[in-house]
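Shown here: model-v3.txt, compact mmCIF, C-alpha atoms and all ligand atoms.
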# COMPACT_ATOMS: atom_id res chain seq x y z
CA MET A 1 -31.50 -12.24 -3.80
CA ASP A 2 -32.16 -10.20 -0.63
CA ALA A 3 -29.41 -10.40 1.95
CA VAL A 4 -26.63 -8.44 0.31
CA GLU A 5 -23.40 -9.17 2.14
CA PRO A 6 -22.10 -6.07 3.89
CA SER A 7 -18.71 -4.99 2.49
CA VAL A 8 -17.42 -4.29 6.00
CA VAL A 9 -18.41 -6.33 9.05
CA ALA A 10 -17.58 -4.65 12.37
CA ARG A 11 -18.37 -6.43 15.64
CA VAL A 12 -17.35 -6.52 19.28
CA GLU A 13 -15.93 -9.95 20.17
CA GLY A 14 -14.75 -10.24 23.74
CA ARG A 15 -12.61 -7.14 24.43
CA ALA A 16 -11.76 -6.68 20.75
CA GLY A 17 -13.38 -4.65 18.02
CA THR A 18 -13.10 -6.79 14.90
CA ILE A 19 -13.34 -5.35 11.40
CA LEU A 20 -13.64 -7.63 8.37
CA MET A 21 -13.08 -6.23 4.88
CA ASN A 22 -15.62 -8.32 3.00
CA ARG A 23 -15.51 -7.93 -0.75
CA PRO A 24 -13.56 -11.11 -1.50
CA ARG A 25 -14.36 -11.24 -5.23
CA ALA A 26 -12.55 -7.89 -5.57
CA LEU A 27 -9.79 -9.10 -3.23
CA ASN A 28 -11.30 -6.72 -0.64
CA ALA A 29 -10.17 -3.67 -2.62
CA LEU A 30 -11.52 -0.55 -0.92
CA ASP A 31 -14.39 1.31 -2.55
CA GLY A 32 -15.84 4.52 -1.20
CA GLU A 33 -18.49 2.77 0.86
CA MET A 34 -15.96 0.47 2.53
CA ILE A 35 -13.76 3.42 3.44
CA GLU A 36 -16.77 5.15 5.00
CA ARG A 37 -17.68 2.03 6.99
CA LEU A 38 -14.09 1.45 8.12
CA ALA A 39 -13.91 5.04 9.35
CA GLU A 40 -17.22 4.64 11.22
CA ALA A 41 -16.06 1.42 12.87
CA ALA A 42 -12.71 2.94 13.81
CA ALA A 43 -14.47 5.92 15.41
CA ARG A 44 -16.93 3.73 17.29
CA PHE A 45 -14.27 1.36 18.65
CA ALA A 46 -12.03 4.26 19.70
CA GLU A 47 -14.85 5.57 21.92
CA ASP A 48 -16.15 2.24 23.22
CA PRO A 49 -14.75 1.51 26.71
CA ALA A 50 -15.57 -2.21 26.17
CA VAL A 51 -13.04 -2.34 23.31
CA ASP A 52 -9.34 -2.60 24.22
CA LEU A 53 -7.92 -3.22 20.73
CA VAL A 54 -8.94 -3.50 17.09
CA ILE A 55 -8.37 -6.49 14.77
CA LEU A 56 -8.51 -5.83 11.01
CA GLU A 57 -8.90 -8.78 8.61
CA GLY A 58 -9.74 -9.61 5.01
CA ALA A 59 -12.43 -12.11 3.96
CA GLY A 60 -12.08 -14.99 1.54
CA GLY A 61 -8.69 -16.47 2.35
CA ARG A 62 -6.81 -14.94 -0.62
CA ALA A 63 -6.48 -11.28 0.21
CA PHE A 64 -6.20 -8.87 3.09
CA CYS A 65 -6.89 -5.93 0.76
CA ALA A 66 -5.60 -5.62 -2.83
CA GLY A 67 -5.83 -1.82 -3.03
CA GLY A 68 -8.41 0.76 -3.89
CA ASP A 69 -11.24 0.75 -6.39
CA VAL A 70 -9.07 2.31 -9.10
CA ARG A 71 -11.41 1.17 -11.89
CA ALA A 72 -14.12 3.44 -10.46
CA ILE A 73 -11.61 6.27 -10.03
CA ARG A 74 -10.52 5.86 -13.65
CA ALA A 75 -14.14 6.01 -14.81
CA ALA A 76 -14.75 9.18 -12.78
CA ALA A 77 -11.54 10.76 -14.06
CA LEU A 78 -12.42 9.95 -17.69
CA ALA A 79 -15.90 11.43 -17.13
CA GLY A 80 -14.34 14.64 -15.83
CA ASP A 81 -15.89 14.03 -12.41
CA ALA A 82 -13.05 15.52 -10.34
CA ALA A 83 -15.27 15.79 -7.24
CA THR A 84 -15.73 12.00 -7.02
CA VAL A 85 -11.99 11.41 -7.44
CA GLU A 86 -11.23 14.02 -4.80
CA ARG A 87 -13.76 12.64 -2.31
CA PHE A 88 -12.45 9.09 -2.62
CA PHE A 89 -8.82 9.96 -1.92
CA ALA A 90 -9.64 12.56 0.75
CA GLU A 91 -11.68 10.00 2.72
CA GLU A 92 -9.13 7.24 2.23
CA TYR A 93 -6.24 9.40 3.42
CA ALA A 94 -8.26 10.70 6.39
CA LEU A 95 -8.75 7.06 7.42
CA ASN A 96 -5.00 6.40 7.07
CA ARG A 97 -4.31 9.34 9.40
CA ARG A 98 -6.95 8.21 11.89
CA ILE A 99 -5.22 4.81 12.07
CA ALA A 100 -1.81 6.42 12.62
CA GLU A 101 -3.25 8.42 15.53
CA TYR A 102 -5.36 5.57 16.89
CA PRO A 103 -5.59 5.53 20.69
CA LYS A 104 -5.70 1.71 20.92
CA PRO A 105 -3.68 -1.12 19.35
CA TRP A 106 -4.65 -1.47 15.67
CA ILE A 107 -3.73 -5.02 14.71
CA SER A 108 -3.86 -6.11 11.08
CA LEU A 109 -3.84 -9.86 10.39
CA ILE A 110 -2.39 -10.02 6.88
CA ASP A 111 -2.81 -13.49 5.36
CA GLY A 112 -2.85 -12.78 1.62
CA VAL A 113 -2.51 -9.93 -0.86
CA CYS A 114 -1.94 -6.54 0.77
CA MET A 115 -1.16 -3.76 -1.67
CA GLY A 116 -1.74 -0.05 -2.04
CA GLY A 117 -4.86 0.81 -0.05
CA GLY A 118 -4.36 -2.38 1.99
CA ILE A 119 -0.97 -1.09 3.10
CA GLY A 120 -2.67 2.18 4.00
CA VAL A 121 -5.14 0.61 6.44
CA SER A 122 -2.43 -1.52 8.07
CA VAL A 123 1.03 0.05 8.00
CA HIS A 124 0.10 3.05 10.18
CA GLY A 125 -1.28 0.79 12.90
CA SER A 126 0.66 -0.58 15.87
CA HIS A 127 0.83 -4.25 14.70
CA ARG A 128 1.12 -5.66 11.16
CA VAL A 129 1.05 -9.44 11.54
CA VAL A 130 1.94 -11.33 8.36
CA THR A 131 1.76 -15.03 7.53
CA GLU A 132 3.80 -16.87 4.92
CA HIS A 133 0.87 -16.21 2.54
CA ALA A 134 1.05 -12.43 2.90
CA LEU A 135 2.13 -10.56 -0.22
CA MET A 136 2.87 -6.89 0.33
CA ALA A 137 3.65 -4.30 -2.32
CA MET A 138 3.22 -0.73 -3.49
CA PRO A 139 2.63 -1.46 -7.20
CA GLU A 140 1.32 1.96 -8.27
CA THR A 141 3.98 2.86 -10.85
CA ALA A 142 2.47 0.04 -12.98
CA ILE A 143 -0.78 2.03 -13.26
CA ALA A 144 0.87 5.47 -13.27
CA LEU A 145 -0.33 6.33 -9.82
CA PHE A 146 2.26 6.80 -7.07
CA PRO A 147 2.85 5.32 -3.61
CA ASP A 148 0.11 7.04 -1.60
CA VAL A 149 -1.96 6.24 1.55
CA GLY A 150 0.79 7.83 3.64
CA THR A 151 3.61 5.74 2.22
CA SER A 152 5.44 8.90 1.12
CA TYR A 153 6.01 9.17 4.89
CA VAL A 154 6.66 5.46 5.58
CA LEU A 155 8.88 4.41 2.67
CA PRO A 156 11.68 6.97 3.17
CA ARG A 157 11.90 5.83 6.82
CA LEU A 158 12.37 2.09 6.32
CA PRO A 159 15.52 0.72 7.98
CA GLY A 160 18.84 0.62 6.15
CA THR A 161 20.62 3.02 3.83
CA PRO A 162 18.35 6.08 3.98
CA GLY A 163 15.67 5.96 1.31
CA ALA A 164 17.02 2.99 -0.62
CA MET A 165 14.57 0.25 0.43
CA GLY A 166 11.63 2.60 -0.06
CA ARG A 167 12.81 3.66 -3.51
CA TRP A 168 13.19 0.03 -4.55
CA LEU A 169 9.71 -0.93 -3.31
CA ALA A 170 8.04 2.17 -4.77
CA LEU A 171 9.74 2.25 -8.18
CA THR A 172 9.64 -1.48 -8.98
CA GLY A 173 6.52 -2.48 -7.02
CA ALA A 174 8.51 -5.41 -5.62
CA ARG A 175 6.22 -7.95 -3.95
CA LEU A 176 7.32 -9.12 -0.51
CA ARG A 177 6.27 -12.40 1.09
CA GLY A 178 5.44 -12.39 4.79
CA ALA A 179 8.88 -12.79 6.31
CA GLU A 180 10.38 -10.44 3.70
CA ALA A 181 7.86 -7.76 4.62
CA VAL A 182 9.14 -7.96 8.21
CA GLU A 183 12.74 -7.73 6.96
CA ALA A 184 11.89 -4.65 4.91
CA GLY A 185 10.10 -3.04 7.87
CA LEU A 186 6.56 -2.94 6.43
CA ALA A 187 5.33 -5.67 8.78
CA THR A 188 6.07 -6.06 12.48
CA HIS A 189 5.44 -9.76 13.26
CA HIS A 190 5.52 -13.06 11.40
CA VAL A 191 2.99 -15.68 12.51
CA PRO A 192 2.53 -18.91 10.54
CA ARG A 193 -0.98 -19.23 9.06
CA GLU A 194 -1.63 -22.35 11.15
CA ARG A 195 -1.15 -20.29 14.33
CA LEU A 196 -3.31 -17.34 13.23
CA PRO A 197 -6.62 -18.67 14.66
CA ALA A 198 -4.98 -19.17 18.06
CA LEU A 199 -3.55 -15.65 17.97
CA ARG A 200 -6.94 -14.22 17.01
CA GLU A 201 -8.61 -16.09 19.85
CA ALA A 202 -6.00 -14.88 22.34
CA LEU A 203 -6.40 -11.27 21.17
CA LEU A 204 -10.10 -11.33 22.03
CA ALA A 205 -9.03 -11.13 25.69
CA GLY A 206 -7.89 -7.58 24.93
CA ASP A 207 -4.13 -7.78 25.50
CA ALA A 208 -2.08 -6.94 22.38
CA SER A 209 1.12 -8.26 23.92
CA VAL A 210 0.05 -11.83 23.04
CA VAL A 211 1.22 -11.05 19.49
CA GLU A 212 4.83 -11.32 20.66
CA ARG A 213 4.24 -14.80 22.06
CA HIS A 214 2.70 -16.12 18.83
CA ALA A 215 5.30 -14.56 16.54
CA ALA A 216 7.91 -16.80 14.92
CA ALA A 217 11.52 -15.78 14.35
CA VAL A 218 12.08 -14.61 10.81
CA PRO A 219 14.67 -16.73 9.01
CA PRO A 220 16.93 -14.73 6.67
CA GLY A 221 14.93 -14.42 3.45
CA ALA A 222 14.99 -12.88 0.01
CA VAL A 223 15.08 -9.28 1.20
CA GLU A 224 18.15 -9.86 3.38
CA ALA A 225 19.73 -11.72 0.47
CA ALA A 226 19.04 -8.77 -1.86
CA ARG A 227 19.66 -6.05 0.71
CA ALA A 228 23.23 -5.23 -0.28
CA ALA A 229 22.29 -4.97 -3.96
CA VAL A 230 19.15 -2.91 -3.15
CA GLU A 231 21.02 -0.53 -0.89
CA PHE A 232 23.76 -0.01 -3.44
CA ALA A 233 21.59 0.39 -6.54
CA PHE A 234 18.81 2.45 -4.94
CA ALA A 235 21.03 4.66 -2.79
CA PRO A 236 21.02 7.45 -5.38
CA GLY A 237 17.96 9.69 -5.38
CA ASP A 238 17.74 10.08 -9.15
CA LEU A 239 16.58 7.61 -11.74
CA SER A 240 19.48 7.86 -14.17
CA SER A 241 22.00 7.07 -11.41
CA ILE A 242 19.89 4.15 -10.16
CA MET A 243 19.67 2.71 -13.66
CA ALA A 244 23.39 3.28 -14.27
CA VAL A 245 24.26 1.37 -11.09
CA LEU A 246 21.89 -1.48 -12.01
CA THR A 247 23.46 -1.65 -15.47
CA ALA A 248 26.94 -1.73 -13.93
CA GLN A 249 25.87 -4.42 -11.43
CA GLY A 250 25.02 -6.64 -14.38
CA THR A 251 23.59 -9.48 -12.27
CA ASP A 252 20.39 -11.38 -13.08
CA TRP A 253 18.76 -9.50 -10.22
CA ALA A 254 19.88 -6.11 -11.56
CA ARG A 255 18.71 -6.96 -15.09
CA ALA A 256 15.31 -7.99 -13.71
CA GLN A 257 15.01 -4.65 -11.87
CA LEU A 258 15.86 -2.75 -15.07
CA ASP A 259 13.26 -4.75 -17.04
CA VAL A 260 10.62 -3.86 -14.46
CA LEU A 261 11.56 -0.17 -14.46
CA HIS A 262 11.30 -0.09 -18.26
CA ARG A 263 7.70 -1.34 -18.07
CA MET A 264 6.50 1.30 -15.59
CA SER A 265 5.08 4.72 -16.45
CA PRO A 266 8.15 6.96 -16.99
CA THR A 267 6.27 9.96 -15.64
CA SER A 268 5.19 7.95 -12.60
CA LEU A 269 8.77 6.87 -11.83
CA LEU A 270 9.91 10.49 -11.73
CA VAL A 271 6.86 11.64 -9.75
CA THR A 272 7.51 8.85 -7.25
CA LEU A 273 11.16 9.78 -6.69
CA GLU A 274 10.26 13.42 -6.15
CA LEU A 275 7.44 12.41 -3.77
CA LEU A 276 9.74 10.24 -1.65
CA ARG A 277 12.44 12.93 -1.63
CA ARG A 278 9.93 15.43 -0.24
CA GLY A 279 8.26 12.96 2.11
CA ALA A 280 11.57 12.19 3.85
CA THR A 281 11.47 15.51 5.70
CA MET A 282 7.71 15.92 6.25
CA ASP A 283 5.35 14.59 8.91
CA LEU A 284 2.49 12.18 8.07
CA PRO A 285 -0.31 14.78 7.85
CA ALA A 286 1.82 16.90 5.51
CA CYS A 287 2.67 13.82 3.43
CA LEU A 288 -1.02 12.91 3.11
CA ALA A 289 -1.84 16.50 2.07
CA MET A 290 0.94 16.37 -0.53
CA GLU A 291 -0.40 13.07 -1.84
CA LEU A 292 -3.96 14.41 -2.05
CA ALA A 293 -2.79 17.42 -4.04
CA LEU A 294 -0.82 15.10 -6.30
CA THR A 295 -3.84 12.87 -7.04
CA ARG A 296 -5.45 15.82 -8.84
CA ALA A 297 -2.65 16.16 -11.38
CA VAL A 298 -1.85 12.45 -11.65
CA THR A 299 -5.43 11.27 -12.31
CA ARG A 300 -5.68 13.89 -15.09
CA HIS A 301 -2.49 12.64 -16.76
CA PRO A 302 -3.30 10.23 -19.63
CA ASP A 303 -0.96 7.57 -18.20
CA PHE A 304 -3.31 6.90 -15.27
CA ALA A 305 -6.34 5.89 -17.36
CA GLU A 306 -4.02 3.96 -19.69
CA GLY A 307 -2.28 2.12 -16.84
CA VAL A 308 -5.54 1.06 -15.17
CA ARG A 309 -6.84 0.03 -18.59
CA ALA A 310 -3.80 -2.14 -19.30
CA VAL A 311 -3.55 -3.78 -15.86
CA LEU A 312 -7.12 -3.95 -14.53
CA VAL A 313 -9.65 -3.30 -17.33
CA ASP A 314 -8.38 -4.92 -20.55
CA LYS A 315 -5.63 -6.80 -18.69
CA ASP A 316 -3.35 -6.84 -21.74
CA ASN A 317 -0.46 -5.57 -19.60
CA ALA A 318 0.67 -3.50 -22.57
CA PRO A 319 0.27 0.14 -21.53
CA ARG A 320 1.20 2.81 -24.05
CA TRP A 321 2.76 5.54 -21.93
CA SER A 322 3.05 9.14 -23.03
CA PRO A 323 5.76 10.16 -23.12
CA PRO A 324 6.95 6.59 -23.68
CA ALA A 325 10.57 6.97 -22.51
CA ILE A 326 12.15 8.24 -19.32
CA ALA A 327 14.41 10.58 -21.29
CA ASP A 328 11.35 12.27 -22.81
CA VAL A 329 9.76 13.24 -19.48
CA ASP A 330 10.08 16.97 -18.83
CA PRO A 331 11.36 17.45 -15.24
CA ALA A 332 9.54 20.78 -15.06
CA ALA A 333 6.27 19.00 -15.87
CA VAL A 334 6.90 16.61 -12.98
CA LEU A 335 7.52 19.49 -10.56
CA ALA A 336 4.39 21.21 -11.88
CA MET A 337 2.33 18.20 -10.77
CA PHE A 338 3.38 19.05 -7.19
CA GLY A 339 1.99 22.52 -7.67
CA ASP A 340 5.30 24.36 -7.93
C1 LIG B 1 -1.02 -1.70 -9.47
C2 LIG B 1 -1.92 -1.09 -8.62
C3 LIG B 1 -3.12 -1.71 -8.28
C4 LIG B 1 -3.40 -2.97 -8.80
C5 LIG B 1 -2.49 -3.60 -9.65
C6 LIG B 1 -1.32 -2.95 -9.97
C7 LIG B 1 -4.09 -1.10 -7.39
C8 LIG B 1 -5.30 -1.79 -7.15
C9 LIG B 1 -5.53 -3.05 -7.73
C10 LIG B 1 -6.74 -3.81 -7.58
C11 LIG B 1 -6.68 -5.20 -7.48
C12 LIG B 1 -7.85 -5.95 -7.36
C13 LIG B 1 -9.08 -5.33 -7.39
C14 LIG B 1 -9.13 -3.94 -7.51
C15 LIG B 1 -7.97 -3.21 -7.61
O1 LIG B 1 -4.56 -3.62 -8.50
O2 LIG B 1 -3.87 0.03 -6.89
O3 LIG B 1 -10.34 -3.35 -7.54
O4 LIG B 1 -10.23 -6.06 -7.30
O5 LIG B 1 -6.22 -1.20 -6.36
O6 LIG B 1 -0.41 -3.54 -10.80
O7 LIG B 1 -1.65 0.12 -8.11
Can the structure from this file be put into structure tokens for me?
Ligand code: QUE
Amino acid sequence: MDAVEPSVVARVEGRAGTILMNRPRALNALDGEMIERLAEAAARFAEDPAVDLVILEGAGGRAFCAGGDVRAIRAAALAGDAATVERFFAEEYALNRRIAEYPKPWISLIDGVCMGGGIGVSVHGSHRVVTEHALMAMPETAIALFPDVGTSYVLPRLPGTPGAMGRWLALTGARLRGAEAVEAGLATHHVPRERLPALREALLAGDASVVERHAAAVPPGAVEAARAAVEFAFAPGDLSSIMAVLTAQGTDWARAQLDVLHRMSPTSLLVTLELLRRGATMDLPACLAMELALTRAVTRHPDFAEGVRAVLVDKDNAPRWSPPAIADVDPAAVLAMFGD
């Protein structure tokens, strides 16, 4: 049992710097060491004149990157180890910013689950290529976290009725298949899985424009079908109006959205709306700073440990939120989590 597989494999192949997230049994979820190694590779490839572009991939065939190592963060939070929690998020968000400011094409090949932290290492880059097996989401309200990794900047800016698409994705954690992720604006190109090896091979020559030639037209999908309903129901910026519109809509789709909202952390839903409201008028570095400050309050709130317990530790999917109902959340307590 020598040869421990490295959790990140960074190489120069042709004119490309390739980075493989390689913790497939954890769906390539980012732990602190992976974040450190991704940041090192990003820095090295930015400097290297032999590297014209970066390709980011996930190992194992099932996932690009399922998120962050929230079990470890929960354990640190429960142990009162605020420094470990702080260090993890600070380094993750610094990486997200580095990718947004990257001097070369940053091309993510997303052929599986891509949630939370996986969105963070892809969405700020120049190219987010998705296959029909991509599954993109910001599912944090289910574990009483909030849409972070710079998505408080990204989500309010998605195309369509201002803020609506982002509120839908963030509040419900809606999961988007490849083509739908392009429709929503999270992904930039759709390439069928069978053409991904050819695209990868072509990219090694160092010219990012080959992505356009491999991309397939996106046929109208589920997001376009739901767009009118999303943009109507999630146009309001407050939760009671959103839920009133969904109730009035009365469709199967609207009922399903209400069921999902009723399962999420009530505190987290309100924190998320306030975060997106603020993020709409701030730049990315300010959004990341706001998110980092918010992690301190949110990881101390009992809902966070309970949500991770219910979804990822015990997997009973039966979190007991406190307070349990949206009506019982004190708006002043939500604002206090933002430090004002
Ligand atoms: C909501 C989330 C996360 C989640 C599931 C949710 C999340 C996250 C993971 C995750 C998945 C696989 C792993 C892992 C973590 O799941 O943020 O370590 O192996 O990181 O419903 O927010």
Checklist line | Interatomic distance, atom CA of Thr131 of chain A to atom CA of Gly117 of chain A (Å, one decimal) | finding: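 So the two atoms, atom CA of Thr131 of chain A and atom CA of Gly117 of chain A, lie 18.8 Å apart.
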Next item on the list: Enumerate as an NGL selection string the residues within 9 Å of ligand LIG 1 (chain B), counting all atoms listed in the file.
Entry: :A and (23-31 or 65-72 or 115-118 or 137-147 or 173 or 307-308 or 311-312)
Notebook entry, point to check: What is the atom CA of Val130 of chain A-atom CA of Met290 of chain A distance in Å, reported with one decimal?
Noted result: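 Interatomic distance here is 29.1 Å.
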Determine the axis-aligned bounding box of all atoms of segment 165-178 of chain A present in the file, pad each side by 5 Å, and express its centre and edge lengths in Å to one decimal place as AutoDock Vina command-line options.
--center_x 10.0 --center_y -4.4 --center_z -2.1 --size_x 19.1 --size_y 26.1 --size_z 23.8
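Take atom CA of Ala79 of chain A and atom CA of Val8 of chain A: the distance between them is 28.0 Å.
The nearest approach to Asp207 of chain A among the residues A:Leu239, A:Leu53, A:Val121, A:Ala170, with all atoms listed in the file taken into account, belongs to A:Leu53.
Distances from A:Leu273, A:Leu294, A:Ala225, A:Ala46 to Gly166 of chain A were compared using only C-alpha atoms, and the smallest one belongs to A:Leu273.
Those residues positioned at most 9 Å from (-12.5, -7.1, 7.3) are Ser7, Val8, Val9, Ala10, Thr18, Ile19, Leu20, Met21, Asn22, Arg23, Asn28, Leu38, Ile55, Leu56, Glu57, Gly58, Ala59, Phe64 and Cys65 of chain A, judged using all atoms listed in the file.
Closest approach to Arg255 of chain A among A:Met165, A:Val4, A:Ala229, A:Val329: A:Ala229, based on only C-alpha atoms.
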Next item on the list: Using all atoms listed in the file, find the one residue out of A:His262, A:Ala310, A:Pro323, A:Val271 that sits nearest to Thr172 of chain A.
Entry: A:His262
Check: Within 8 Å of Asp148 of chain A, counting only C-alpha atoms, which residues qualify if same-chain residues fewer than 4 places away don't, as a PyMOL selection string?
Finding: chain A and resi 116+120+152+288+291
Next item on the list: Determine the nearest neighbour of Ala235 of chain A from the options A:Ala164, A:Leu186, A:Ala83, A:Ile119, counting all atoms listed in the file.
Entry: A:Ala164
Notebook entry, point to check: Can you list, as a ChimeraX atom specification, every protein, DNA or RNA residue that comes within 10 Å of Ile73 of chain A when you count all atoms listed in the file, leaving out same-chain residues fewer than 6 positions away?
Noted result: /A:31-32,79,81-82,84-86,88-89,299,304-305,308
Next item on the list: Identify, on the basis of all atoms listed in the file, every residue whose closest approach to Arg277 of chain A does not exceed 8 Å; exclude the query and any residue fewer than 3 positions from it along the same chain; express the result as number ranges by chain.
Entry: A: 156, 237, 273-274, 280-281
Next item on the list: Mind checking which residues fall within 12 Å of Gln249 of chain A, counting all atoms listed in the file, ignoring those fewer than 3 positions away in the same chain, and posting them as a PyMOL selection string?
Entry: chain A and resi 228-230+232-234+242-246+252-258
Margin query: Between A:Leu95, A:Ile107, A:Ala184, A:Ala327, which residue has the minimum interatomic distance to Thr161 of chain A, considering all atoms listed in the file?
Written below: A:Ala184
Next item on the list: Do a neighbour search on Leu196 of chain A at 9 Å with all atoms listed in the file, toss out local chain neighbours closer than 2 positions, and write the hits as a PyMOL selection string.
Entry: chain A and resi 109+111+131+191-194+198-201+214
Starting from the incomplete input, reconstruct N, CA, C and O atoms of segment 51-66 of chain A and report them as a short mmCIF file (atom, residue, chain, number, x, y, z; two decimals), keeping the file's coordinate frame.
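Done, and the output landed in result_17.cif:
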data_model
loop_
_atom_site.label_atom_id
_atom_site.label_comp_id
_atom_site.auth_asym_id
_atom_site.auth_seq_id
_atom_site.Cartn_x
_atom_site.Cartn_y
_atom_site.Cartn_z
N VAL A 51 -13.99 -1.90 24.34
CA VAL A 51 -13.04 -2.34 23.31
C VAL A 51 -11.63 -1.91 23.70
O VAL A 51 -11.37 -0.72 23.90
N ASP A 52 -10.72 -2.90 23.84
CA ASP A 52 -9.34 -2.60 24.22
C ASP A 52 -8.40 -2.54 23.01
O ASP A 52 -7.33 -1.95 23.10
N LEU A 53 -8.77 -3.22 21.92
CA LEU A 53 -7.92 -3.22 20.73
C LEU A 53 -8.77 -3.52 19.52
O LEU A 53 -9.91 -3.99 19.63
N VAL A 54 -8.22 -3.25 18.34
CA VAL A 54 -8.94 -3.50 17.09
C VAL A 54 -8.17 -4.54 16.27
O VAL A 54 -6.94 -4.50 16.19
N ILE A 55 -8.92 -5.49 15.68
CA ILE A 55 -8.37 -6.49 14.77
C ILE A 55 -8.95 -6.24 13.38
O ILE A 55 -10.17 -6.20 13.22
N LEU A 56 -8.07 -6.06 12.40
CA LEU A 56 -8.51 -5.83 11.01
C LEU A 56 -8.13 -7.04 10.17
O LEU A 56 -6.97 -7.48 10.20
N GLU A 57 -9.11 -7.56 9.41
CA GLU A 57 -8.90 -8.78 8.61
C GLU A 57 -9.55 -8.66 7.24
O GLU A 57 -10.44 -7.83 7.04
N GLY A 58 -9.12 -9.54 6.33
CA GLY A 58 -9.74 -9.61 5.01
C GLY A 58 -10.47 -10.93 4.84
O GLY A 58 -9.98 -11.96 5.30
N ALA A 59 -11.63 -10.90 4.16
CA ALA A 59 -12.43 -12.11 3.96
C ALA A 59 -11.96 -12.89 2.74
O ALA A 59 -11.37 -12.34 1.81
N GLY A 60 -12.22 -14.19 2.75
CA GLY A 60 -12.08 -14.99 1.54
C GLY A 60 -10.83 -15.83 1.44
O GLY A 60 -10.72 -16.67 0.55
N GLY A 61 -9.85 -15.59 2.33
CA GLY A 61 -8.69 -16.47 2.35
C GLY A 61 -7.60 -16.14 1.35
O GLY A 61 -6.51 -16.70 1.42
N ARG A 62 -7.85 -15.25 0.39
CA ARG A 62 -6.81 -14.94 -0.62
C ARG A 62 -6.18 -13.58 -0.40
O ARG A 62 -5.02 -13.39 -0.75
N ALA A 63 -6.98 -12.65 0.13
CA ALA A 63 -6.48 -11.28 0.21
C ALA A 63 -6.80 -10.66 1.56
O ALA A 63 -7.85 -10.93 2.15
N PHE A 64 -5.89 -9.81 2.02
CA PHE A 64 -6.20 -8.87 3.09
C PHE A 64 -6.94 -7.70 2.44
O PHE A 64 -8.12 -7.48 2.71
N CYS A 65 -6.27 -7.02 1.52
CA CYS A 65 -6.89 -5.93 0.76
C CYS A 65 -5.96 -5.59 -0.39
O CYS A 65 -4.80 -5.22 -0.18
N ALA A 66 -6.46 -5.74 -1.63
CA ALA A 66 -5.60 -5.62 -2.83
C ALA A 66 -5.36 -4.18 -3.24
O ALA A 66 -4.57 -3.93 -4.14
#
